[in-house]
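Trainee: I am sharing structure21.cif, which consists of mmCIF, C-alpha atoms and all ligand atoms:
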```cif
data_model
#
loop_
_atom_site.group_PDB
_atom_site.id
_atom_site.type_symbol
_atom_site.label_atom_id
_atom_site.label_comp_id
_atom_site.auth_asym_id
_atom_site.auth_seq_id
_atom_site.Cartn_x
_atom_site.Cartn_y
_atom_site.Cartn_z
ATOM 1 C CA MET A 983 2.803 26.815 -10.750
ATOM 2 C CA SER A 984 5.150 23.990 -9.664
ATOM 3 C CA VAL A 985 5.938 21.061 -11.985
ATOM 4 C CA PRO A 986 3.915 17.916 -11.062
ATOM 5 C CA LYS A 987 6.321 15.543 -9.315
ATOM 6 C CA LEU A 988 4.923 12.323 -10.854
ATOM 7 C CA LYS A 989 4.133 13.476 -14.393
ATOM 8 C CA GLY A 990 4.348 10.583 -16.864
ATOM 9 C CA LEU A 991 4.492 7.897 -14.172
ATOM 10 C CA VAL A 992 2.062 4.979 -13.895
ATOM 11 C CA ALA A 993 1.250 3.865 -10.349
ATOM 12 C CA ILE A 994 -0.737 0.913 -8.999
ATOM 13 C CA VAL A 995 -2.086 1.546 -5.502
ATOM 14 C CA ASN A 996 -3.674 -1.516 -3.971
ATOM 15 C CA GLY A 997 -6.228 -1.202 -1.188
ATOM 16 C CA ALA A 998 -7.233 2.147 -2.687
ATOM 17 C CA SER A 999 -11.014 1.974 -2.255
ATOM 18 C CA ARG A 1000 -10.786 3.936 1.028
ATOM 19 C CA GLY A 1001 -8.463 5.052 3.803
ATOM 20 C CA ILE A 1002 -4.742 5.556 3.307
ATOM 21 C CA GLY A 1003 -4.667 3.847 -0.108
ATOM 22 C CA ALA A 1004 -7.361 6.159 -1.483
ATOM 23 C CA ALA A 1005 -5.465 9.184 -0.125
ATOM 24 C CA ILE A 1006 -2.200 8.042 -1.739
ATOM 25 C CA ALA A 1007 -3.998 7.383 -5.053
ATOM 26 C CA LYS A 1008 -5.512 10.892 -5.010
ATOM 27 C CA GLY A 1009 -2.196 12.457 -3.979
ATOM 28 C CA TYR A 1010 -0.369 10.675 -6.817
ATOM 29 C CA ALA A 1011 -2.968 11.752 -9.379
ATOM 30 C CA LEU A 1012 -2.742 15.381 -8.219
ATOM 31 C CA GLU A 1013 0.994 15.140 -8.945
ATOM 32 C CA GLY A 1014 0.336 13.985 -12.510
ATOM 33 C CA ALA A 1015 0.581 10.183 -12.215
ATOM 34 C CA LYS A 1016 -1.773 7.844 -14.047
ATOM 35 C CA VAL A 1017 -3.177 5.832 -11.157
ATOM 36 C CA VAL A 1018 -4.639 2.338 -11.052
ATOM 37 C CA VAL A 1019 -7.065 2.250 -8.135
ATOM 38 C CA ALA A 1020 -7.141 -1.416 -7.072
ATOM 39 C CA ALA A 1021 -9.191 -3.161 -4.367
ATOM 40 C CA ARG A 1022 -12.196 -5.494 -4.117
ATOM 41 C CA THR A 1023 -15.119 -3.135 -3.445
ATOM 42 C CA GLU A 1024 -17.177 -2.074 -6.458
ATOM 43 C CA GLU A 1025 -20.526 -1.425 -4.755
ATOM 44 C CA PRO A 1026 -20.968 0.866 -1.724
ATOM 45 C CA HIS A 1027 -20.929 -1.094 1.534
ATOM 46 C CA PRO A 1028 -23.526 -0.190 4.211
ATOM 47 C CA ARG A 1029 -20.878 0.306 6.930
ATOM 48 C CA LEU A 1030 -17.695 1.080 4.980
ATOM 49 C CA PRO A 1031 -17.513 4.057 2.609
ATOM 50 C CA GLY A 1032 -15.513 3.981 -0.622
ATOM 51 C CA THR A 1033 -15.318 1.895 -3.769
ATOM 52 C CA ILE A 1034 -12.681 1.708 -6.488
ATOM 53 C CA HIS A 1035 -15.132 3.557 -8.779
ATOM 54 C CA SER A 1036 -15.839 6.391 -6.305
ATOM 55 C CA VAL A 1037 -12.100 6.998 -5.816
ATOM 56 C CA LYS A 1038 -11.511 6.959 -9.588
ATOM 57 C CA ALA A 1039 -14.417 9.440 -10.008
ATOM 58 C CA GLU A 1040 -12.957 11.771 -7.350
ATOM 59 C CA ILE A 1041 -9.594 11.692 -9.132
ATOM 60 C CA ASN A 1042 -11.226 12.421 -12.496
ATOM 61 C CA GLU A 1043 -13.299 15.283 -11.028
ATOM 62 C CA ALA A 1044 -10.075 16.846 -9.728
ATOM 63 C CA GLY A 1045 -8.637 16.653 -13.272
ATOM 64 C CA GLY A 1046 -6.487 13.559 -12.741
ATOM 65 C CA GLU A 1047 -6.227 10.290 -14.658
ATOM 66 C CA ALA A 1048 -7.189 6.958 -13.090
ATOM 67 C CA THR A 1049 -8.466 3.474 -13.846
ATOM 68 C CA ALA A 1050 -10.410 1.361 -11.361
ATOM 69 C CA LEU A 1051 -9.495 -2.333 -11.390
ATOM 70 C CA LYS A 1052 -11.066 -4.932 -9.124
ATOM 71 C CA CYS A 1053 -8.464 -7.192 -7.546
ATOM 72 C CA ASP A 1054 -8.235 -9.404 -4.490
ATOM 73 C CA ILE A 1055 -4.537 -9.007 -3.755
ATOM 74 C CA SER A 1056 -4.310 -12.430 -2.121
ATOM 75 C CA VAL A 1057 -5.347 -14.291 -5.299
ATOM 76 C CA GLU A 1058 -2.516 -14.925 -7.750
ATOM 77 C CA GLU A 1059 -4.644 -14.978 -10.933
ATOM 78 C CA GLU A 1060 -6.294 -11.678 -9.978
ATOM 79 C CA VAL A 1061 -2.921 -10.010 -9.354
ATOM 80 C CA GLN A 1062 -1.614 -11.303 -12.698
ATOM 81 C CA ARG A 1063 -4.726 -9.851 -14.358
ATOM 82 C CA LEU A 1064 -4.240 -6.507 -12.550
ATOM 83 C CA VAL A 1065 -0.702 -6.246 -13.910
ATOM 84 C CA ASP A 1066 -1.730 -7.355 -17.425
ATOM 85 C CA GLN A 1067 -4.643 -4.879 -17.537
ATOM 86 C CA THR A 1068 -2.401 -2.042 -16.306
ATOM 87 C CA LEU A 1069 0.201 -2.838 -18.964
ATOM 88 C CA SER A 1070 -2.388 -2.974 -21.741
ATOM 89 C CA GLU A 1071 -3.971 0.316 -20.578
ATOM 90 C CA TYR A 1072 -0.816 2.336 -19.815
ATOM 91 C CA GLY A 1073 2.100 0.328 -21.279
ATOM 92 C CA LYS A 1074 4.280 0.277 -18.131
ATOM 93 C CA ILE A 1075 4.300 0.292 -14.330
ATOM 94 C CA ASP A 1076 6.589 2.761 -12.557
ATOM 95 C CA VAL A 1077 5.290 2.660 -8.994
ATOM 96 C CA VAL A 1078 3.622 -0.031 -6.871
ATOM 97 C CA VAL A 1079 2.116 0.778 -3.482
ATOM 98 C CA ASN A 1080 1.393 -2.358 -1.461
ATOM 99 C CA ASN A 1081 -1.119 -0.821 0.934
ATOM 100 C CA ALA A 1082 -3.974 -3.359 1.304
ATOM 101 C CA ALA A 1083 -4.083 -5.072 4.656
ATOM 102 C CA VAL A 1084 -6.398 -6.709 7.128
ATOM 103 C CA MET A 1085 -5.967 -6.071 10.839
ATOM 104 C CA ILE A 1086 -6.679 -9.335 12.619
ATOM 105 C CA THR A 1087 -6.157 -8.508 16.275
ATOM 106 C CA GLY A 1088 -7.794 -8.961 19.649
ATOM 107 C CA ARG A 1089 -7.442 -12.713 20.160
ATOM 108 C CA PRO A 1090 -4.564 -14.637 21.733
ATOM 109 C CA VAL A 1091 -2.933 -17.328 19.622
ATOM 110 C CA VAL A 1092 -4.740 -20.161 21.437
ATOM 111 C CA ASP A 1093 -8.113 -18.652 20.485
ATOM 112 C CA THR A 1094 -7.224 -17.732 16.892
ATOM 113 C CA GLU A 1095 -8.441 -19.972 14.109
ATOM 114 C CA ALA A 1096 -5.839 -21.047 11.593
ATOM 115 C CA ARG A 1097 -7.968 -19.744 8.719
ATOM 116 C CA HIS A 1098 -8.000 -16.250 10.284
ATOM 117 C CA PHE A 1099 -4.243 -16.338 10.802
ATOM 118 C CA LEU A 1100 -3.801 -17.430 7.188
ATOM 119 C CA LEU A 1101 -6.051 -14.602 5.938
ATOM 120 C CA GLY A 1102 -3.693 -12.051 7.520
ATOM 121 C CA LEU A 1103 -0.702 -13.752 5.913
ATOM 122 C CA ARG A 1104 -2.412 -13.919 2.533
ATOM 123 C CA VAL A 1105 -3.474 -10.258 2.340
ATOM 124 C CA ASN A 1106 -0.631 -8.554 4.224
ATOM 125 C CA LEU A 1107 2.349 -10.608 3.043
ATOM 126 C CA LEU A 1108 1.455 -12.827 0.084
ATOM 127 C CA GLY A 1109 -0.300 -9.835 -1.576
ATOM 128 C CA PRO A 1110 2.836 -7.625 -1.633
ATOM 129 C CA PHE A 1111 4.861 -10.644 -2.797
ATOM 130 C CA LEU A 1112 2.466 -11.342 -5.688
ATOM 131 C CA LEU A 1113 2.170 -7.757 -6.919
ATOM 132 C CA SER A 1114 5.945 -7.285 -6.689
ATOM 133 C CA LYS A 1115 6.569 -10.579 -8.505
ATOM 134 C CA TYR A 1116 4.362 -9.663 -11.450
ATOM 135 C CA ALA A 1117 5.167 -5.918 -11.658
ATOM 136 C CA LEU A 1118 8.937 -6.350 -11.378
ATOM 137 C CA PRO A 1119 9.868 -7.930 -14.742
ATOM 138 C CA GLY A 1120 8.850 -4.766 -16.646
ATOM 139 C CA MET A 1121 10.618 -2.546 -14.111
ATOM 140 C CA MET A 1122 13.772 -4.667 -14.325
ATOM 141 C CA GLU A 1123 13.729 -4.470 -18.107
ATOM 142 C CA ARG A 1124 13.486 -0.668 -17.971
ATOM 143 C CA ARG A 1125 15.876 -0.480 -15.014
ATOM 144 C CA SER A 1126 13.601 1.843 -13.098
ATOM 145 C CA GLY A 1127 10.728 1.673 -10.650
ATOM 146 C CA SER A 1128 9.733 2.087 -7.042
ATOM 147 C CA ILE A 1129 7.906 -0.314 -4.723
ATOM 148 C CA ILE A 1130 6.442 1.074 -1.507
ATOM 149 C CA ASN A 1131 5.239 -1.375 1.113
ATOM 150 C CA ILE A 1132 2.955 0.155 3.723
ATOM 151 C CA GLY A 1133 4.227 -1.077 7.065
ATOM 152 C CA SER A 1134 3.178 -0.370 10.631
ATOM 153 C CA GLY A 1135 4.639 0.319 14.031
ATOM 154 C CA ALA A 1136 2.896 -2.956 14.919
ATOM 155 C CA ALA A 1137 5.977 -4.705 13.459
ATOM 156 C CA LEU A 1138 7.605 -4.035 16.847
ATOM 157 C CA SER A 1139 4.491 -4.519 18.972
ATOM 158 C CA ARG A 1140 4.333 -6.854 21.967
ATOM 159 C CA ASN A 1141 0.596 -6.324 22.486
ATOM 160 C CA PRO A 1142 -1.171 -9.575 23.431
ATOM 161 C CA GLY A 1143 -3.727 -10.506 20.774
ATOM 162 C CA GLY A 1144 -1.741 -8.820 18.009
ATOM 163 C CA SER A 1145 0.475 -11.695 16.882
ATOM 164 C CA ASN A 1146 -1.031 -11.962 13.417
ATOM 165 C CA TYR A 1147 -0.942 -8.298 12.395
ATOM 166 C CA ALA A 1148 2.431 -7.729 14.099
ATOM 167 C CA SER A 1149 4.092 -10.715 12.467
ATOM 168 C CA THR A 1150 2.788 -9.868 8.981
ATOM 169 C CA LYS A 1151 4.103 -6.302 9.301
ATOM 170 C CA ALA A 1152 7.448 -7.500 10.715
ATOM 171 C CA GLY A 1153 7.614 -9.923 7.784
ATOM 172 C CA LEU A 1154 6.829 -7.114 5.344
ATOM 173 C CA GLU A 1155 9.780 -5.112 6.667
ATOM 174 C CA ARG A 1156 12.177 -8.024 6.095
ATOM 175 C CA PHE A 1157 10.592 -8.695 2.689
ATOM 176 C CA THR A 1158 11.307 -5.048 1.805
ATOM 177 C CA ILE A 1159 14.955 -5.262 2.835
ATOM 178 C CA VAL A 1160 15.628 -8.491 0.929
ATOM 179 C CA LEU A 1161 13.727 -7.381 -2.201
ATOM 180 C CA ALA A 1162 15.665 -4.088 -2.215
ATOM 181 C CA GLU A 1163 18.909 -6.079 -2.417
ATOM 182 C CA GLU A 1164 17.542 -8.367 -5.149
ATOM 183 C CA THR A 1165 16.557 -5.382 -7.294
ATOM 184 C CA ARG A 1166 19.417 -2.979 -6.512
ATOM 185 C CA GLU A 1167 21.304 -3.889 -9.706
ATOM 186 C CA TYR A 1168 18.167 -2.991 -11.698
ATOM 187 C CA ASN A 1169 18.058 0.458 -10.089
ATOM 188 C CA ILE A 1170 14.680 -0.217 -8.455
ATOM 189 C CA ALA A 1171 13.825 1.304 -5.080
ATOM 190 C CA VAL A 1172 11.986 -0.820 -2.503
ATOM 191 C CA ASN A 1173 11.031 0.838 0.766
ATOM 192 C CA CYS A 1174 8.614 0.330 3.647
ATOM 193 C CA LEU A 1175 6.592 3.289 4.918
ATOM 194 C CA ASP A 1176 4.944 3.251 8.343
ATOM 195 C CA PRO A 1177 2.079 5.755 8.067
ATOM 196 C CA GLY A 1178 1.787 6.182 11.851
ATOM 197 C CA PRO A 1179 -1.602 6.621 13.506
ATOM 198 C CA ILE A 1180 -4.156 7.559 10.850
ATOM 199 C CA LYS A 1181 -7.870 8.067 11.364
ATOM 200 C CA SER A 1182 -8.923 5.825 8.483
ATOM 201 C CA GLU A 1183 -12.214 4.003 8.217
ATOM 202 C CA ALA A 1184 -10.563 0.814 9.517
ATOM 203 C CA ALA A 1185 -9.065 2.629 12.485
ATOM 204 C CA GLU A 1186 -12.455 4.146 13.322
ATOM 205 C CA MET A 1187 -14.135 0.741 13.206
ATOM 206 C CA LEU A 1188 -11.491 -0.889 15.411
ATOM 207 C CA GLN A 1189 -11.538 1.724 18.172
ATOM 208 C CA PRO A 1190 -14.241 2.266 20.831
ATOM 209 C CA ALA A 1191 -16.565 5.287 20.512
ATOM 210 C CA ASP A 1192 -14.705 7.194 23.273
ATOM 211 C CA HIS A 1193 -11.246 6.664 21.691
ATOM 212 C CA ASN A 1194 -8.922 9.675 21.934
ATOM 213 C CA TRP A 1195 -7.947 10.633 18.365
ATOM 214 C CA ALA A 1196 -5.618 13.487 19.364
ATOM 215 C CA SER A 1197 -2.444 11.787 18.101
ATOM 216 C CA TYR A 1198 -3.987 10.680 14.764
ATOM 217 C CA SER A 1199 -3.681 12.357 11.358
ATOM 218 C CA LEU A 1200 -6.012 12.212 8.381
ATOM 219 C CA PRO A 1201 -5.187 9.767 5.547
ATOM 220 C CA LYS A 1202 -4.056 12.590 3.235
ATOM 221 C CA ALA A 1203 -1.112 13.238 5.608
ATOM 222 C CA VAL A 1204 0.567 10.119 4.147
ATOM 223 C CA ALA A 1205 0.654 11.464 0.572
ATOM 224 C CA PRO A 1206 3.817 13.680 0.735
ATOM 225 C CA SER A 1207 6.082 10.886 2.018
ATOM 226 C CA ALA A 1208 4.535 8.374 -0.414
ATOM 227 C CA ILE A 1209 5.146 10.848 -3.274
ATOM 228 C CA PHE A 1210 8.775 11.233 -2.219
ATOM 229 C CA LEU A 1211 9.268 7.442 -2.217
ATOM 230 C CA ALA A 1212 7.584 7.043 -5.624
ATOM 231 C CA VAL A 1213 10.367 8.949 -7.389
ATOM 232 C CA GLN A 1214 13.292 7.142 -5.760
ATOM 233 C CA ASP A 1215 15.649 4.640 -7.366
ATOM 234 C CA ALA A 1216 18.265 2.292 -5.986
ATOM 235 C CA LYS A 1217 20.930 4.982 -6.144
ATOM 236 C CA SER A 1218 18.949 7.568 -4.230
ATOM 237 C CA PHE A 1219 16.951 5.701 -1.541
ATOM 238 C CA THR A 1220 16.252 1.999 -1.124
ATOM 239 C CA GLY A 1221 15.961 -0.782 1.464
ATOM 240 C CA GLN A 1222 14.708 1.630 4.133
ATOM 241 C CA ILE A 1223 12.018 1.250 6.803
ATOM 242 C CA VAL A 1224 10.742 4.790 7.291
ATOM 243 C CA HIS A 1225 8.123 6.523 9.404
ATOM 244 C CA ARG A 1226 5.780 9.122 7.941
ATOM 245 C CA VAL A 1227 5.941 11.243 11.107
ATOM 246 C CA GLU A 1228 9.718 11.511 10.665
ATOM 247 C CA PHE A 1229 9.549 12.600 7.005
ATOM 248 C CA ARG A 1230 11.755 15.662 6.425
ATOM 249 C CA ARG A 1231 13.002 15.325 10.020
ATOM 250 C CA SER A 1232 15.178 12.207 10.304
ATOM 251 C CA TRP A 1233 14.800 11.088 6.666
ATOM 252 C CA PRO A 1234 15.534 11.194 3.742
HETATM 253 P P1 LIG B 1301 -8.570 0.456 5.577
HETATM 254 O O1 LIG B 1301 -9.281 1.752 5.727
HETATM 255 O O2 LIG B 1301 -9.189 -0.776 6.148
HETATM 256 O O3 LIG B 1301 -8.258 0.176 4.062
HETATM 257 C C1 LIG B 1301 -7.732 -1.079 3.708
HETATM 258 C C2 LIG B 1301 -7.785 -1.224 2.217
HETATM 259 O O4 LIG B 1301 -7.284 -2.523 1.900
HETATM 260 C C3 LIG B 1301 -9.181 -1.090 1.660
HETATM 261 O O5 LIG B 1301 -9.128 -0.279 0.508
HETATM 262 C C4 LIG B 1301 -9.558 -2.532 1.307
HETATM 263 O O6 LIG B 1301 -10.357 -2.503 0.131
HETATM 264 C C5 LIG B 1301 -8.195 -3.126 0.978
HETATM 265 N N1 LIG B 1301 -8.152 -4.580 1.080
HETATM 266 C C6 LIG B 1301 -8.389 -5.370 2.151
HETATM 267 N N2 LIG B 1301 -8.289 -6.657 1.797
HETATM 268 C C7 LIG B 1301 -7.991 -6.690 0.473
HETATM 269 C C8 LIG B 1301 -7.755 -7.725 -0.463
HETATM 270 N N3 LIG B 1301 -7.829 -9.026 -0.139
HETATM 271 N N4 LIG B 1301 -7.460 -7.382 -1.747
HETATM 272 C C9 LIG B 1301 -7.399 -6.082 -2.116
HETATM 273 N N5 LIG B 1301 -7.599 -5.052 -1.277
HETATM 274 C C10 LIG B 1301 -7.901 -5.372 0.014
HETATM 275 O O7 LIG B 1301 -7.097 0.537 6.233
HETATM 276 P P2 LIG B 1301 -6.086 1.775 6.444
HETATM 277 O O8 LIG B 1301 -6.154 2.179 7.865
HETATM 278 O O9 LIG B 1301 -6.251 2.769 5.353
HETATM 279 O O10 LIG B 1301 -4.687 1.005 6.283
HETATM 280 C C11 LIG B 1301 -3.963 1.007 5.076
HETATM 281 C C12 LIG B 1301 -2.564 0.489 5.354
HETATM 282 O O11 LIG B 1301 -1.925 1.265 6.370
HETATM 283 C C13 LIG B 1301 -2.526 -0.958 5.852
HETATM 284 O O12 LIG B 1301 -1.407 -1.616 5.288
HETATM 285 C C14 LIG B 1301 -2.331 -0.801 7.352
HETATM 286 O O13 LIG B 1301 -1.714 -1.921 7.913
HETATM 287 C C15 LIG B 1301 -1.434 0.428 7.395
HETATM 288 N N6 LIG B 1301 -1.469 1.154 8.663
HETATM 289 C C16 LIG B 1301 -2.557 1.841 9.072
HETATM 290 C C17 LIG B 1301 -2.526 2.556 10.260
HETATM 291 C C18 LIG B 1301 -3.703 3.375 10.736
HETATM 292 O O14 LIG B 1301 -3.629 3.979 11.818
HETATM 293 N N7 LIG B 1301 -4.792 3.452 9.988
HETATM 294 C C19 LIG B 1301 -1.368 2.559 11.061
HETATM 295 C C20 LIG B 1301 -0.264 1.831 10.623
HETATM 296 C C21 LIG B 1301 -0.321 1.136 9.427
HETATM 297 P P3 LIG B 1301 -11.528 -3.544 -0.251
HETATM 298 O O15 LIG B 1301 -12.227 -3.892 1.025
HETATM 299 O O16 LIG B 1301 -12.332 -2.731 -1.221
HETATM 300 O O17 LIG B 1301 -10.831 -4.681 -0.917
#
```
Represent the structure from my file as structure tokens, please.

Mentor:
Amino acid sequence: MSVPKLKGLVAIVNGASRGIGAAIAKGYALEGAKVVVAARTEEPHPRLPGTIHSVKAEINEAGGEATALKCDISVEEEVQRLVDQTLSEYGKIDVVVNNAAVMITGRPVVDTEARHFLLGLRVNLLGPFLLSKYALPGMMERRSGSIINIGSGAALSRNPGGSNYASTKAGLERFTIVLAEETREYNIAVNCLDPGPIKSEAAEMLQPADHNWASYSLPKAVAPSAIFLAVQDAKSFTGQIVHRVEFRRSWP
């Protein structure tokens, strides 16, 4: 039997109640990490499957260790509490996956309300900033840690109606690059992973019934590249924008 790659590590995965975040949380737990499953949903939603408790239960049933913590990633006090609760439960944070996002698309700028534009900024950009800000002091003290920001090919998109999502993901890439430089001397890795087309619950809801899913993968396809990034440091791999579909081809 192979040695678990993340044994002894503590990982917070935000946006882990379903989709890609849930798959990364389960993949990390299978590799021996203690996983904090963070998101807002505690009760099953009529149209969206998955809660933080159901993902924790699945991890436990598979023999892994997890804690479910409710957190709206766009609210500073809730992110502070998430970090404090993780530290009091597990004593440290080794890995942060900034996965939660909202996809506000389909309307040109002139028809987009400012409050909708701000929501995208708050979840997709302020959220990663807040969790990084509060998780980093412990990592810097221990001179180790890895932050993985989940990006998107939309960062380069020119699609009309996609200005909000595209600009938050482009911003997240630049945030990654700057934060990697700020934390290099503390040996912390900060990278951005584009999962590529994934048939998650959100993707299914956004696409029409006759959408062609041929080029899409299941959420669990993201786990191997996210596991690789979790064990990096500033000496081995940092400040990179990488694509899941290119893992083990053009990178590392
Ligand atoms: P998803 O199925 O909609 O899952 C999004 C997750 O984010 C949910 O767990 C949701 O949980 C959480 N979330 C949303 N708002 C939140 C908030 N304010 N606070 C905390 N958690 C929040 O989406 P997905 O397709 O898995 O996407 C995951 C990531 O991959 C996103 O960053 C997305 O941009 C990126 N991505 C996806 C694709 C794709 O094809 N699916 C392609 C490229 C990039 P709650 O509702 O329980 O809070």

Trainee: Please tabulate, as CSV, the residues of segment 1159-1203 of chain A that come within 12 Å of segment 1100-1115 of chain A, each with its closest pair of atoms and the distance in Å to one decimal, counting only C-alpha atoms and ordering rows by chain, then residue number upward.

Mentor:
```
residue,atom,partner,partner_atom,distance
A:Val1160,CA,A:Phe1111,CA,11.6
A:Leu1161,CA,A:Ser1114,CA,9.0
A:Ala1162,CA,A:Ser1114,CA,11.2
A:Glu1164,CA,A:Lys1115,CA,11.7
A:Thr1165,CA,A:Ser1114,CA,10.8
A:Ile1170,CA,A:Ser1114,CA,11.4
A:Ala1171,CA,A:Ser1114,CA,11.8
A:Val1172,CA,A:Ser1114,CA,9.8
A:Cys1174,CA,A:Pro1110,CA,11.2
```

Trainee: Counting all atoms listed in the file, name the residues that have an atom within 6 Å of an atom of ligand LIG 1301 (chain B); the answer should be given as an NGL selection string.

Mentor: :A and (996-1003 or 1021-1023 or 1053-1056 or 1081-1084 or 1105 or 1132-1134 or 1176-1185)

Trainee: Using all atoms listed in the file, pick whichever of A:Val1227, A:Ile1129, A:Ala1004, A:Leu1030 has the shortest atom-to-atom distance to Asn1169 of chain A.

Mentor: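 Looking only at the distances to Asn1169 of chain A, the closest residue turns out to be A:Ile1129.
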
Trainee: What does the PyMOL selection byres (((chain A and resi 1067) around 12) and not hetatm) select in this file, as a list in words?

Mentor: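 For this structure, the PyMOL selection byres (((chain A and resi 1067) around 12) and not hetatm) resolves to Ile994, Val1018, Ala1020, Thr1049, Ala1050, Leu1051, Lys1052, Cys1053, Glu1060, Val1061, Gln1062, Arg1063, Leu1064, Val1065, Asp1066, Thr1068, Leu1069, Ser1070, Glu1071, Tyr1072, Gly1073, Lys1074, Ile1075, Tyr1116 and Ala1117 of chain A.
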
Trainee: Please produce a file of the residues just selected, as a short mmCIF file (atom, residue, chain, number, x, y, z; two decimals), keeping the file's coordinate frame, where the atoms kept are C-alpha atoms.

Mentor:
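The result, stored in again.cif:
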```cif
data_model
loop_
_atom_site.label_atom_id
_atom_site.label_comp_id
_atom_site.auth_asym_id
_atom_site.auth_seq_id
_atom_site.Cartn_x
_atom_site.Cartn_y
_atom_site.Cartn_z
CA ILE A 994 -0.74 0.91 -9.00
CA VAL A 1018 -4.64 2.34 -11.05
CA ALA A 1020 -7.14 -1.42 -7.07
CA THR A 1049 -8.47 3.47 -13.85
CA ALA A 1050 -10.41 1.36 -11.36
CA LEU A 1051 -9.49 -2.33 -11.39
CA LYS A 1052 -11.07 -4.93 -9.12
CA CYS A 1053 -8.46 -7.19 -7.55
CA GLU A 1060 -6.29 -11.68 -9.98
CA VAL A 1061 -2.92 -10.01 -9.35
CA GLN A 1062 -1.61 -11.30 -12.70
CA ARG A 1063 -4.73 -9.85 -14.36
CA LEU A 1064 -4.24 -6.51 -12.55
CA VAL A 1065 -0.70 -6.25 -13.91
CA ASP A 1066 -1.73 -7.36 -17.42
CA THR A 1068 -2.40 -2.04 -16.31
CA LEU A 1069 0.20 -2.84 -18.96
CA SER A 1070 -2.39 -2.97 -21.74
CA GLU A 1071 -3.97 0.32 -20.58
CA TYR A 1072 -0.82 2.34 -19.82
CA GLY A 1073 2.10 0.33 -21.28
CA LYS A 1074 4.28 0.28 -18.13
CA ILE A 1075 4.30 0.29 -14.33
CA TYR A 1116 4.36 -9.66 -11.45
CA ALA A 1117 5.17 -5.92 -11.66
#
```

Trainee: To one decimal place in Å, what is the distance between atom CA of Ala1208 of chain A and atom CA of Glu1155 of chain A?

Mentor: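 We find that atom CA of Ala1208 of chain A and atom CA of Glu1155 of chain A lie 16.1 Å from each other.
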
Trainee: Neighbours of Glu1040 of chain A within 10 Å (only C-alpha atoms; same-chain residues fewer than 5 positions away dropped), as a PyMOL selection string?

Mentor: chain A and resi 1004+1008+1035+1045-1046+1048

Trainee: Can you pull out the residues contacting Asn1173 of chain A? Cut-off 9 Å, using all atoms listed in the file, and skip same-chain residues under 4 positions away; I want them as a list of chain:residue names.

Mentor: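 The residues satisfying every condition are A:Ser1128, A:Ile1129, A:Ile1130, A:Asn1131, A:Ile1132, A:Glu1155, A:Thr1158, A:Ile1159, A:Ala1162, A:Leu1211, A:Phe1219, A:Thr1220, A:Gly1221, A:Gln1222, A:Ile1223, A:Val1224.
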
Trainee: Please produce, as JSON lines, a per-residue contact table for segment 1127-1234 of chain A versus segment 1086-1098 of chain A (criterion: any atom at most 10 Å away, only C-alpha atoms considered), showing the nearest atom pair and its distance in Å to one decimal, sorted by chain then residue number.

Mentor:
```
{"residue": "A:Asn1141", "atom": "CA", "partner": "A:Gly1088", "partner_atom": "CA", "distance": 9.2}
{"residue": "A:Pro1142", "atom": "CA", "partner": "A:Pro1090", "partner_atom": "CA", "distance": 6.3}
{"residue": "A:Gly1143", "atom": "CA", "partner": "A:Pro1090", "partner_atom": "CA", "distance": 4.3}
{"residue": "A:Gly1144", "atom": "CA", "partner": "A:Thr1087", "partner_atom": "CA", "distance": 4.8}
{"residue": "A:Ser1145", "atom": "CA", "partner": "A:Val1091", "partner_atom": "CA", "distance": 7.1}
{"residue": "A:Asn1146", "atom": "CA", "partner": "A:Ile1086", "partner_atom": "CA", "distance": 6.3}
{"residue": "A:Tyr1147", "atom": "CA", "partner": "A:Ile1086", "partner_atom": "CA", "distance": 5.8}
{"residue": "A:Ala1148", "atom": "CA", "partner": "A:Thr1087", "partner_atom": "CA", "distance": 8.9}
{"residue": "A:Leu1188", "atom": "CA", "partner": "A:Thr1087", "partner_atom": "CA", "distance": 9.3}
```

Trainee: Taking into account only C-alpha atoms, which residue in the set A:Asn1080, A:Ser1036, A:Asn1042, A:Ser1126 is nearest to Ser1218 of chain A?

Mentor: A:Ser1126

Trainee: In Å, how far is it from atom CA of Phe1210 of chain A to atom CA of Pro1031 of chain A?

Mentor: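 Between atom CA of Phe1210 of chain A and atom CA of Pro1031 of chain A the gap is 27.7 Å.
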
Trainee: Just give me the gap between atom CA of Glu1059 of chain A and atom CA of Met1121 of chain A in Å, one decimal is fine.

Mentor: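 Interatomic distance here is 19.9 Å.
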
Trainee: Write out as a PyMOL selection string the residues lying within 9 Å of Ser1207 of chain A, counting all atoms listed in the file and excluding same-chain residues fewer than 6 positions away.

Mentor: chain A and resi 1175+1177+1225-1226+1229-1230
